[in-house]
Amino acid sequence: MTSGKSNEPGTRRIAIDPVTRVEGHGKITLLLDRDNHIQEARLHITEFRGFEKFIQGRPYWDVPFFVQRLCGICPVSHQLAAAKAVDQLAGVDRLTPTAEKLRRLLHFGQVLQSHALHFFHLSSPDFLFGFGGDPLRRNIVGVLEKYPEIAMQGIKLRKFGQQIIEAITGKRVHGTGTIPGGMNKPLSTDWRDALLTEMRDILQWSEQAVELNARIHATHAEHADFATMPTNYLSLVDKKGELELYHGGLRARYPDGGLIFDQFDYSGYQRILREEVRAWSYLKFPYLLQLGETQGWYRVGPLARVNNCDSITTPRAEAARKQFKAINADNLVHDTLGYHWTRMIEMLHCAESIQILLNDPDITGADLVAEKGDRRHEGIGVIEAPRGTLFHHYQVDDDGIVTRANLIVSTTSNNQAMNESLRIVANRYLDGQEITEALLNHLEVAVRAYDPCLSCATHALGKMPLQVELVDAAGVLIHRLVKNSDGRLSGQDGYLHNG
Amino acid sequence: MTETTGTIFIDGKAVGFMQGQTIMDAALSAQVYIPHLCHYPGLTPSGNCRLCVVEADGRRAAACTTAAKAGQQISNNTAELNAARKVITQMLFVEGNHICPSCEKSGNCKLQAMGYHLGMLEEHYPQFNPRRVLDASHPDILLDRGRCILCGLCVRASHEVDKKNVFAIAGRGADAYLIVNTVSGKLGDSNLDVTDLAANICPVGAIMFKERGYVTPIGERIYDRQHISDVAMHEHVTEQKGDKKR
Ligand code: SF4
Ligand code: NI
């Protein structure tokens with residue numbers, strides 16, 4: 001809630017923040033039917049509860065920084081999505097080339113660092129030590145000991161992304177940057193040159209991370225059907241249907257690859273998306289209106305984006321995409337663990353894109369703010385955040401005060417998919433009426449593939465404390481297993497305190 | 001510096017003063033910093049923030065309202081007084097909605113700078129989370145009462161310098177709040193202008209220009225570059241030269 005670190009001058013802060021982020025406790029409930037099959041799995045996430053209410057009544061130009069506090073890991077994504085909406089509210093449709101490129105660079109830096117953190121720090125231990133590996137070693141420290149080179153690359157990749165964020169926003173976390181219609185400072189040539197010197201390594205390590213994923217896939221046949229499920233996919237694509245993380249039209253595909261819609265202008269998102277509320281969850285369940293509540297759920301994020309796009313603009317990532325799609329003969333890949341591989345393909349794309357942007361003379365330009373036009377009452381900003389499509393929608397009154405806010409965060413879009421993945425994995429690994437450690441581990445691996453924003457709170461710890469409950473058809477709790485953040489297990493009475 | 005009429009001793013340092021000067025003004029003229037939030041050079045002191053409380057001849061007194069007296073022994077920069085100041089600052093933080101990471105004033109805010117100056121690392125007390133009316137009716141100026149610390153600077157600036165009387169503080173104690181002297185109570189119906197001192201003097205993010213956002217990048221904001229005591233000296237000197245606007 002509070003930190004008052006005083007590091008370098010200009011970066012210190014007093015952070016007093018009454019919006020309490022969720023404690024990093026994941027809770028999964030497994031509901032049995034009469035035949036003791038798992039009929040439903042429920043992942044409970046308390047994130048984003050009522051956050052929109054906090055935004056109501058705030059001036060619109062504050063919003064990008066207000067929403068940054070949603071998350072300690074992807075604040076930049078929230079800032080950028082909100083900033084796009086704020087531009088519209090300020091009557092700006094087109095940024096200056098420098099401002100647009102700075103925002104893209106910032107976004108690539110953010111996605112790169114987020115993807116690096118997720119794969120190397122959180123997920124690589126599962127793959128390098130096995131899903132059932134010793135929990136006390138199955139963490140980044142274990143990777144550092146056994147595979148120091150891989151761990152160091154992960155740490156440096158993340159740092160590179162953070163440096164880009166710092167260069168543009170003035171801080172690694174919760175900096176500034178965007179203003180209505182532009183950016184608040186240029187990128188210095190010193191920063192650009194410093195970042196460019198690291199490019200060779202960054203590209204090479206990103207490529208190696210893709211290779212590592214290809215190798216893991218080739219050597220672990222069992223991964224191919226771990227929570228694999230044909231689903232719909234949603235993401236932005238650029239005008240030519242290529243991978244696009246910052247700005248584009250919405251595309252959705254059926255599991256067979258057929259288009260549900262394409263190049264849909266995201267400002268009309270309410271015409272294609274609905275959110276269903278379920279009593280047991282704070283997180284809503286979005287679905288594609290056209291397909292209805294039961295059929296309309298979809299996946300977002302790296303797997304969705306790489307499946308959805310026709311190609312990738314940068315050559316190395318495009319080669320990696322082709323290699324990935326080849327595992328299912330160029331059809332859509334439905335492997336849930338494919339999220340990790342595609343995450344690394346995107347990281348490579350970010351690295352290549354960063355190199356292009358840093359070499360673009362516009363990037364150090366000084367023309368940062370576009371002329372403001374007539375104020376508008378509605379703004380909608382959509383971006384492909386590390387975890388998937390992120391929607392920010394604001395309405396403001398004549399005085400510039402937000403009267404209504406609607407956010408659909410990536411994790412919300414993956415809500416149904418995460419529950420389905422859990423159900424599949426639980427059915428496969430449930431043995432009798434007891435939650436075993438192996439089951440819990442496999443459930444955790446399934447959730448982690450999506451990199452849910454639940455991890456915002458748990459990234460810092462490196463491990464997600466998890467509680468799994470088994471409930472029979474009559475609604476009676478049969479068994480419970482809790483894994484604490486240090487990897488230790490506790491049983492029936494090992495209740496974790498909540499928040 | 002003009003002739004002094006006497007000498008006081010602040011933490012042992014001899015400080016000359018002129019007849020009628022307050023301890024605060026004498027100190028600032030001699031480059032001695034006494035922490036303060038509600039004092040602004042040239043405006044009538046009000047003594048309401050209590051941060052400038054010093055010990056003058058063994059008795060606690062607000063430096064901004066107490067006249068300097070020859071031979072006075074004053075304790076200012078002591079651990080005990082600074083601890084008390086820190087508590088006051090913490091109270092100011094929790095009584096209002098001071099959320100630095102999402103406040104545009106961050107880096108330019110005296111309350112935040114005071115927190116750093118006094119080594120405040122956490123708010124310590126539970127948040128009040130008050131709900132106070134935000135007034136966005138003025139086309140160029142936003143009044144966010146949630147961040148108002150009731151220092152009264154805007155009230156005095158408007159009255160004494162701008163000659164407009166736009167603001168007033170109503171109520172007492174915990175119920176006190178800033179009001180706008182218009183029939184509707186709305187800032188939009190007042191004649192407050194962006195060039196008025198009252199529109200520029202707020203030490204926190206309660207009176208702000210609209211639609212700017214974080215225009216000043218991190219690293220270039222006032223307190224990124226200067227310590228709060230340097231800013232205070234600068235304000236003091238500027239006022240002596242007769243220029244009241246920052
Ligand atoms: S609005 Fe600002 S200047 Fe006016 S009383 Fe409140 S804190 Fe002081
Ligand atoms: Ni997040």
# chains A, B, ... in the order shown; residues from 1 in each chain; ligands from 1
>>> residues_near_ligand(ligand="ligand 1", cutoff="9 Å", atoms="only C-alpha atoms and all ligand atoms", output="NGL selection string")
:B and (37-38 or 143-145 or 147-157 or 167-169 or 177-178 or 198-207)
>>> residues_around(residues="stretch 30-35 of chain B", least_positions_apart="5", cutoff="9 Å", atoms="only C-alpha atoms", output="number ranges by chain")
B: 10, 15-17, 24-25, 51-54, 63, 76-77, 82, 85, 114, 117, 228-230, 232-233
>>> write_last_selection(atoms="N, CA and C atoms", output="PDB file, in the first residue's frame")
ATOM      1  N   ILE B  10      18.797  31.496  16.076  1.00  0.00           N
ATOM      2  CA  ILE B  10      18.044  30.313  15.656  1.00  0.00           C
ATOM      3  C   ILE B  10      18.987  29.129  15.624  1.00  0.00           C
ATOM      4  N   VAL B  15      20.817  35.824  13.926  1.00  0.00           N
ATOM      5  CA  VAL B  15      20.023  36.278  12.786  1.00  0.00           C
ATOM      6  C   VAL B  15      19.511  37.686  13.082  1.00  0.00           C
ATOM      7  N   GLY B  16      19.864  38.622  12.205  1.00  0.00           N
ATOM      8  CA  GLY B  16      19.400  39.989  12.428  1.00  0.00           C
ATOM      9  C   GLY B  16      17.954  40.159  11.987  1.00  0.00           C
ATOM     10  N   PHE B  17      17.232  41.061  12.620  1.00  0.00           N
ATOM     11  CA  PHE B  17      15.860  41.325  12.180  1.00  0.00           C
ATOM     12  C   PHE B  17      15.566  42.818  12.235  1.00  0.00           C
ATOM     13  N   MET B  24       9.734  34.120  11.125  1.00  0.00           N
ATOM     14  CA  MET B  24       9.797  33.504   9.796  1.00  0.00           C
ATOM     15  C   MET B  24      10.517  34.411   8.799  1.00  0.00           C
ATOM     16  N   ASP B  25      10.085  35.655   8.724  1.00  0.00           N
ATOM     17  CA  ASP B  25      10.688  36.558   7.740  1.00  0.00           C
ATOM     18  C   ASP B  25      12.158  36.817   8.039  1.00  0.00           C
ATOM     19  N   LEU B  51       3.163  23.996  10.914  1.00  0.00           N
ATOM     20  CA  LEU B  51       4.454  23.370  10.615  1.00  0.00           C
ATOM     21  C   LEU B  51       5.619  24.221  11.065  1.00  0.00           C
ATOM     22  N   CYS B  52       5.401  25.551  11.126  1.00  0.00           N
ATOM     23  CA  CYS B  52       6.516  26.439  11.434  1.00  0.00           C
ATOM     24  C   CYS B  52       6.679  26.661  12.935  1.00  0.00           C
ATOM     25  N   VAL B  53       5.979  25.844  13.707  1.00  0.00           N
ATOM     26  CA  VAL B  53       6.115  25.994  15.156  1.00  0.00           C
ATOM     27  C   VAL B  53       7.565  25.758  15.573  1.00  0.00           C
ATOM     28  N   VAL B  54       8.099  26.730  16.308  1.00  0.00           N
ATOM     29  CA  VAL B  54       9.468  26.638  16.828  1.00  0.00           C
ATOM     30  C   VAL B  54       9.385  26.807  18.350  1.00  0.00           C
ATOM     31  N   ALA B  63       6.268  30.435  13.945  1.00  0.00           N
ATOM     32  CA  ALA B  63       7.267  31.420  13.515  1.00  0.00           C
ATOM     33  C   ALA B  63       6.686  32.467  12.572  1.00  0.00           C
ATOM     34  N   ASN B  76      14.778  25.421  16.163  1.00  0.00           N
ATOM     35  CA  ASN B  76      14.002  25.175  14.950  1.00  0.00           C
ATOM     36  C   ASN B  76      14.254  23.784  14.405  1.00  0.00           C
ATOM     37  N   ASN B  77      15.472  23.536  13.977  1.00  0.00           N
ATOM     38  CA  ASN B  77      15.775  22.288  13.295  1.00  0.00           C
ATOM     39  C   ASN B  77      16.189  21.217  14.301  1.00  0.00           C
ATOM     40  N   ASN B  82      11.001  18.452  14.455  1.00  0.00           N
ATOM     41  CA  ASN B  82      10.802  17.839  13.147  1.00  0.00           C
ATOM     42  C   ASN B  82       9.909  16.601  13.233  1.00  0.00           C
ATOM     43  N   ARG B  85       6.512  17.917  13.307  1.00  0.00           N
ATOM     44  CA  ARG B  85       6.144  18.376  11.955  1.00  0.00           C
ATOM     45  C   ARG B  85       5.782  17.199  11.057  1.00  0.00           C
ATOM     46  N   MET B 114       7.362  18.429   1.401  1.00  0.00           N
ATOM     47  CA  MET B 114       7.506  18.480   2.852  1.00  0.00           C
ATOM     48  C   MET B 114       7.660  17.066   3.406  1.00  0.00           C
ATOM     49  N   HIS B 117      11.140  16.122   2.822  1.00  0.00           N
ATOM     50  CA  HIS B 117      12.021  16.905   3.681  1.00  0.00           C
ATOM     51  C   HIS B 117      12.048  16.328   5.099  1.00  0.00           C
ATOM     52  N   ILE B 228      12.835  21.869  -1.005  1.00  0.00           N
ATOM     53  CA  ILE B 228      11.743  22.762  -0.589  1.00  0.00           C
ATOM     54  C   ILE B 228      12.291  24.024   0.090  1.00  0.00           C
ATOM     55  N   SER B 229      13.417  23.897   0.765  1.00  0.00           N
ATOM     56  CA  SER B 229      13.968  25.080   1.441  1.00  0.00           C
ATOM     57  C   SER B 229      14.498  26.093   0.414  1.00  0.00           C
ATOM     58  N   ASP B 230      15.082  25.590  -0.685  1.00  0.00           N
ATOM     59  CA  ASP B 230      15.564  26.508  -1.726  1.00  0.00           C
ATOM     60  C   ASP B 230      14.395  27.245  -2.378  1.00  0.00           C
ATOM     61  N   ALA B 232      11.599  27.944  -0.959  1.00  0.00           N
ATOM     62  CA  ALA B 232      11.115  28.930   0.014  1.00  0.00           C
ATOM     63  C   ALA B 232      11.977  30.196  -0.012  1.00  0.00           C
ATOM     64  N   MET B 233      13.298  30.009  -0.085  1.00  0.00           N
ATOM     65  CA  MET B 233      14.195  31.167  -0.137  1.00  0.00           C
ATOM     66  C   MET B 233      13.926  31.973  -1.407  1.00  0.00           C
TER      67      MET B 233
END
>>> interface_residues(of="chain B", to="chain A", cutoff="6 Å", atoms="only C-alpha atoms", output="mmCIF file with N, CA, C and O atoms, in the first residue's frame")
data_model
loop_
_atom_site.group_PDB
_atom_site.id
_atom_site.type_symbol
_atom_site.label_atom_id
_atom_site.label_comp_id
_atom_site.auth_asym_id
_atom_site.auth_seq_id
_atom_site.Cartn_x
_atom_site.Cartn_y
_atom_site.Cartn_z
ATOM 1 N N ILE B 99 -3.025 11.352 -3.364
ATOM 2 C CA ILE B 99 -2.538 10.126 -3.970
ATOM 3 C C ILE B 99 -1.494 10.507 -5.008
ATOM 4 O O ILE B 99 -1.791 10.708 -6.180
ATOM 5 N N CYS B 100 -0.263 10.627 -4.531
ATOM 6 C CA CYS B 100 0.799 11.190 -5.378
ATOM 7 C C CYS B 100 0.916 10.530 -6.756
ATOM 8 O O CYS B 100 1.066 11.248 -7.736
ATOM 9 N N SER B 102 -1.063 9.457 -8.837
ATOM 10 C CA SER B 102 -2.007 9.860 -9.875
ATOM 11 C C SER B 102 -2.424 11.313 -9.709
ATOM 12 O O SER B 102 -3.509 11.703 -10.101
ATOM 13 N N LEU B 121 7.988 8.403 5.199
ATOM 14 C CA LEU B 121 8.010 7.305 4.241
ATOM 15 C C LEU B 121 6.658 6.616 4.104
ATOM 16 O O LEU B 121 6.441 5.817 3.218
ATOM 17 N N GLU B 122 5.771 6.907 5.005
ATOM 18 C CA GLU B 122 4.446 6.287 4.916
ATOM 19 C C GLU B 122 3.462 7.214 5.608
ATOM 20 O O GLU B 122 3.850 8.100 6.351
ATOM 21 N N ALA B 136 -15.524 21.669 -11.314
ATOM 22 C CA ALA B 136 -14.873 21.783 -12.624
ATOM 23 C C ALA B 136 -15.602 22.792 -13.502
ATOM 24 O O ALA B 136 -15.451 22.798 -14.716
ATOM 25 N N SER B 137 -16.394 23.660 -12.862
ATOM 26 C CA SER B 137 -17.265 24.540 -13.642
ATOM 27 C C SER B 137 -16.520 25.680 -14.342
ATOM 28 O O SER B 137 -17.011 26.257 -15.295
ATOM 29 N N GLU B 211 -6.991 20.407 -18.111
ATOM 30 C CA GLU B 211 -6.625 19.759 -19.381
ATOM 31 C C GLU B 211 -5.146 19.803 -19.722
ATOM 32 O O GLU B 211 -4.773 19.704 -20.878
ATOM 33 N N GLY B 213 -2.635 17.877 -17.809
ATOM 34 C CA GLY B 213 -2.006 16.574 -17.585
ATOM 35 C C GLY B 213 -0.573 16.776 -17.122
ATOM 36 O O GLY B 213 -0.194 17.868 -16.698
ATOM 37 N N VAL B 215 2.349 17.706 -17.978
ATOM 38 C CA VAL B 215 3.150 18.348 -19.018
ATOM 39 C C VAL B 215 4.631 18.404 -18.677
ATOM 40 O O VAL B 215 5.479 18.341 -19.557
ATOM 41 N N PRO B 217 7.886 16.816 -17.554
ATOM 42 C CA PRO B 217 8.379 15.450 -17.369
ATOM 43 C C PRO B 217 9.071 15.250 -16.019
ATOM 44 O O PRO B 217 9.583 16.213 -15.425
ATOM 45 N N ILE B 218 9.074 14.029 -15.589
ATOM 46 C CA ILE B 218 9.790 13.676 -14.365
ATOM 47 C C ILE B 218 11.262 14.046 -14.538
ATOM 48 O O ILE B 218 11.845 13.789 -15.578
ATOM 49 N N GLY B 219 11.818 14.665 -13.539
ATOM 50 C CA GLY B 219 13.203 15.123 -13.626
ATOM 51 C C GLY B 219 13.290 16.628 -13.820
ATOM 52 O O GLY B 219 14.287 17.249 -13.499
ATOM 53 N N ASP B 224 11.993 18.090 -8.254
ATOM 54 C CA ASP B 224 13.023 17.193 -8.784
ATOM 55 C C ASP B 224 14.359 17.918 -8.776
ATOM 56 O O ASP B 224 15.420 17.325 -8.677
#
>>> closest_residue(among="A:Tyr269, A:Tyr450, A:Phe127, A:Trp280", to="ligand 2", atoms="only C-alpha atoms and all ligand atoms")
A:Tyr450
>>> select_by_dssp(residues="stretch 423-452 of chain A", states="helix (DSSP H, G or I)", output="ChimeraX atom specification")
/A:423-429,437-449
>>> write_last_selection(atoms="N, CA and C atoms", output="PDB file, in the first residue's frame")
ATOM      1  N   ARG A 423     -10.834 -26.884 -15.960  1.00  0.00           N
ATOM      2  CA  ARG A 423     -11.747 -28.030 -15.939  1.00  0.00           C
ATOM      3  C   ARG A 423     -11.118 -29.226 -16.658  1.00  0.00           C
ATOM      4  N   ILE A 424     -10.527 -28.948 -17.809  1.00  0.00           N
ATOM      5  CA  ILE A 424      -9.909 -30.028 -18.586  1.00  0.00           C
ATOM      6  C   ILE A 424      -8.763 -30.659 -17.800  1.00  0.00           C
ATOM      7  N   VAL A 425      -7.919 -29.823 -17.249  1.00  0.00           N
ATOM      8  CA  VAL A 425      -6.758 -30.335 -16.516  1.00  0.00           C
ATOM      9  C   VAL A 425      -7.210 -31.074 -15.256  1.00  0.00           C
ATOM     10  N   ALA A 426      -8.201 -30.543 -14.572  1.00  0.00           N
ATOM     11  CA  ALA A 426      -8.665 -31.179 -13.330  1.00  0.00           C
ATOM     12  C   ALA A 426      -9.248 -32.553 -13.629  1.00  0.00           C
ATOM     13  N   ASN A 427     -10.028 -32.654 -14.689  1.00  0.00           N
ATOM     14  CA  ASN A 427     -10.609 -33.945 -15.038  1.00  0.00           C
ATOM     15  C   ASN A 427      -9.536 -34.971 -15.358  1.00  0.00           C
ATOM     16  N   ARG A 428      -8.487 -34.486 -15.954  1.00  0.00           N
ATOM     17  CA  ARG A 428      -7.430 -35.400 -16.349  1.00  0.00           C
ATOM     18  C   ARG A 428      -6.599 -35.854 -15.153  1.00  0.00           C
ATOM     19  N   TYR A 429      -6.357 -34.945 -14.206  1.00  0.00           N
ATOM     20  CA  TYR A 429      -5.419 -35.277 -13.137  1.00  0.00           C
ATOM     21  C   TYR A 429      -6.083 -35.559 -11.792  1.00  0.00           C
ATOM     22  N   GLU A 437      -0.955 -32.895  -4.708  1.00  0.00           N
ATOM     23  CA  GLU A 437      -0.005 -31.851  -5.062  1.00  0.00           C
ATOM     24  C   GLU A 437       0.171 -31.788  -6.579  1.00  0.00           C
ATOM     25  N   ALA A 438       0.195 -32.958  -7.204  1.00  0.00           N
ATOM     26  CA  ALA A 438       0.370 -32.990  -8.665  1.00  0.00           C
ATOM     27  C   ALA A 438      -0.777 -32.249  -9.349  1.00  0.00           C
ATOM     28  N   LEU A 439      -1.989 -32.489  -8.856  1.00  0.00           N
ATOM     29  CA  LEU A 439      -3.145 -31.806  -9.450  1.00  0.00           C
ATOM     30  C   LEU A 439      -3.004 -30.293  -9.297  1.00  0.00           C
ATOM     31  N   LEU A 440      -2.678 -29.889  -8.083  1.00  0.00           N
ATOM     32  CA  LEU A 440      -2.541 -28.449  -7.832  1.00  0.00           C
ATOM     33  C   LEU A 440      -1.488 -27.831  -8.752  1.00  0.00           C
ATOM     34  N   ASN A 441      -0.361 -28.527  -8.884  1.00  0.00           N
ATOM     35  CA  ASN A 441       0.699 -28.005  -9.755  1.00  0.00           C
ATOM     36  C   ASN A 441       0.228 -27.864 -11.194  1.00  0.00           C
ATOM     37  N   HIS A 442      -0.503 -28.864 -11.658  1.00  0.00           N
ATOM     38  CA  HIS A 442      -0.951 -28.808 -13.043  1.00  0.00           C
ATOM     39  C   HIS A 442      -1.993 -27.708 -13.255  1.00  0.00           C
ATOM     40  N   LEU A 443      -2.827 -27.517 -12.256  1.00  0.00           N
ATOM     41  CA  LEU A 443      -3.803 -26.423 -12.352  1.00  0.00           C
ATOM     42  C   LEU A 443      -3.081 -25.082 -12.447  1.00  0.00           C
ATOM     43  N   GLU A 444      -2.046 -24.993 -11.642  1.00  0.00           N
ATOM     44  CA  GLU A 444      -1.290 -23.742 -11.607  1.00  0.00           C
ATOM     45  C   GLU A 444      -0.630 -23.469 -12.958  1.00  0.00           C
ATOM     46  N   VAL A 445      -0.082 -24.511 -13.548  1.00  0.00           N
ATOM     47  CA  VAL A 445       0.564 -24.358 -14.856  1.00  0.00           C
ATOM     48  C   VAL A 445      -0.465 -23.909 -15.899  1.00  0.00           C
ATOM     49  N   ALA A 446      -1.672 -24.453 -15.790  1.00  0.00           N
ATOM     50  CA  ALA A 446      -2.721 -24.090 -16.754  1.00  0.00           C
ATOM     51  C   ALA A 446      -3.093 -22.613 -16.632  1.00  0.00           C
ATOM     52  N   VAL A 447      -3.274 -22.144 -15.422  1.00  0.00           N
ATOM     53  CA  VAL A 447      -3.640 -20.730 -15.230  1.00  0.00           C
ATOM     54  C   VAL A 447      -2.496 -19.830 -15.663  1.00  0.00           C
ATOM     55  N   ARG A 448      -1.307 -20.245 -15.303  1.00  0.00           N
ATOM     56  CA  ARG A 448      -0.151 -19.390 -15.561  1.00  0.00           C
ATOM     57  C   ARG A 448       0.079 -19.158 -17.055  1.00  0.00           C
ATOM     58  N   ALA A 449      -0.330 -20.127 -17.878  1.00  0.00           N
ATOM     59  CA  ALA A 449      -0.138 -19.975 -19.321  1.00  0.00           C
ATOM     60  C   ALA A 449      -0.743 -18.661 -19.803  1.00  0.00           C
TER      61      ALA A 449
END
>>> atom_distance(atom1="atom CA of A:Glu100", atom2="atom CA of A:Gly181")
9.8 Å
>>> atom_distance(atom1="atom CA of B:Ala27", atom2="atom CA of B:Gly107")
25.5 Å
>>> atom_distance(atom1="atom CA of A:Gly133", atom2="atom CA of A:Arg480")
21.1 Å
>>> closest_atom_pairs(of="stretch 136-217 of chain A", to="stretch 221-243 of chain A", cutoff="12 Å", atoms="only C-alpha atoms", output="Markdown table")
| residue | atom | partner | partner_atom | distance |
| --- | --- | --- | --- | --- |
| A:Asn213 | CA | A:His223 | CA | 11.3 |
| A:Ala214 | CA | A:His223 | CA | 11.6 |
| A:Arg215 | CA | A:Ala221 | CA | 10.9 |
| A:Ile216 | CA | A:His223 | CA | 8.7 |
| A:His217 | CA | A:His223 | CA | 6.8 |
>>> residues_around(residues="A:Arg253", least_positions_apart="6", cutoff="12 Å", atoms="only C-alpha atoms", output="ChimeraX atom specification")
/A:230-237,259-263,288,291,296-300,304-310,331-332
>>> select_by_dssp(residues="stretch 364-481 of chain A", states="strand (DSSP E)", output="PyMOL selection string")
chain A and resi 378-385+388-396+402-408+466-471+477-481
>>> closest_residue(among="A:Val111, A:Gln162, A:Gln153, A:Asp87", to="ligand 2", atoms="only C-alpha atoms and all ligand atoms")
A:Val111
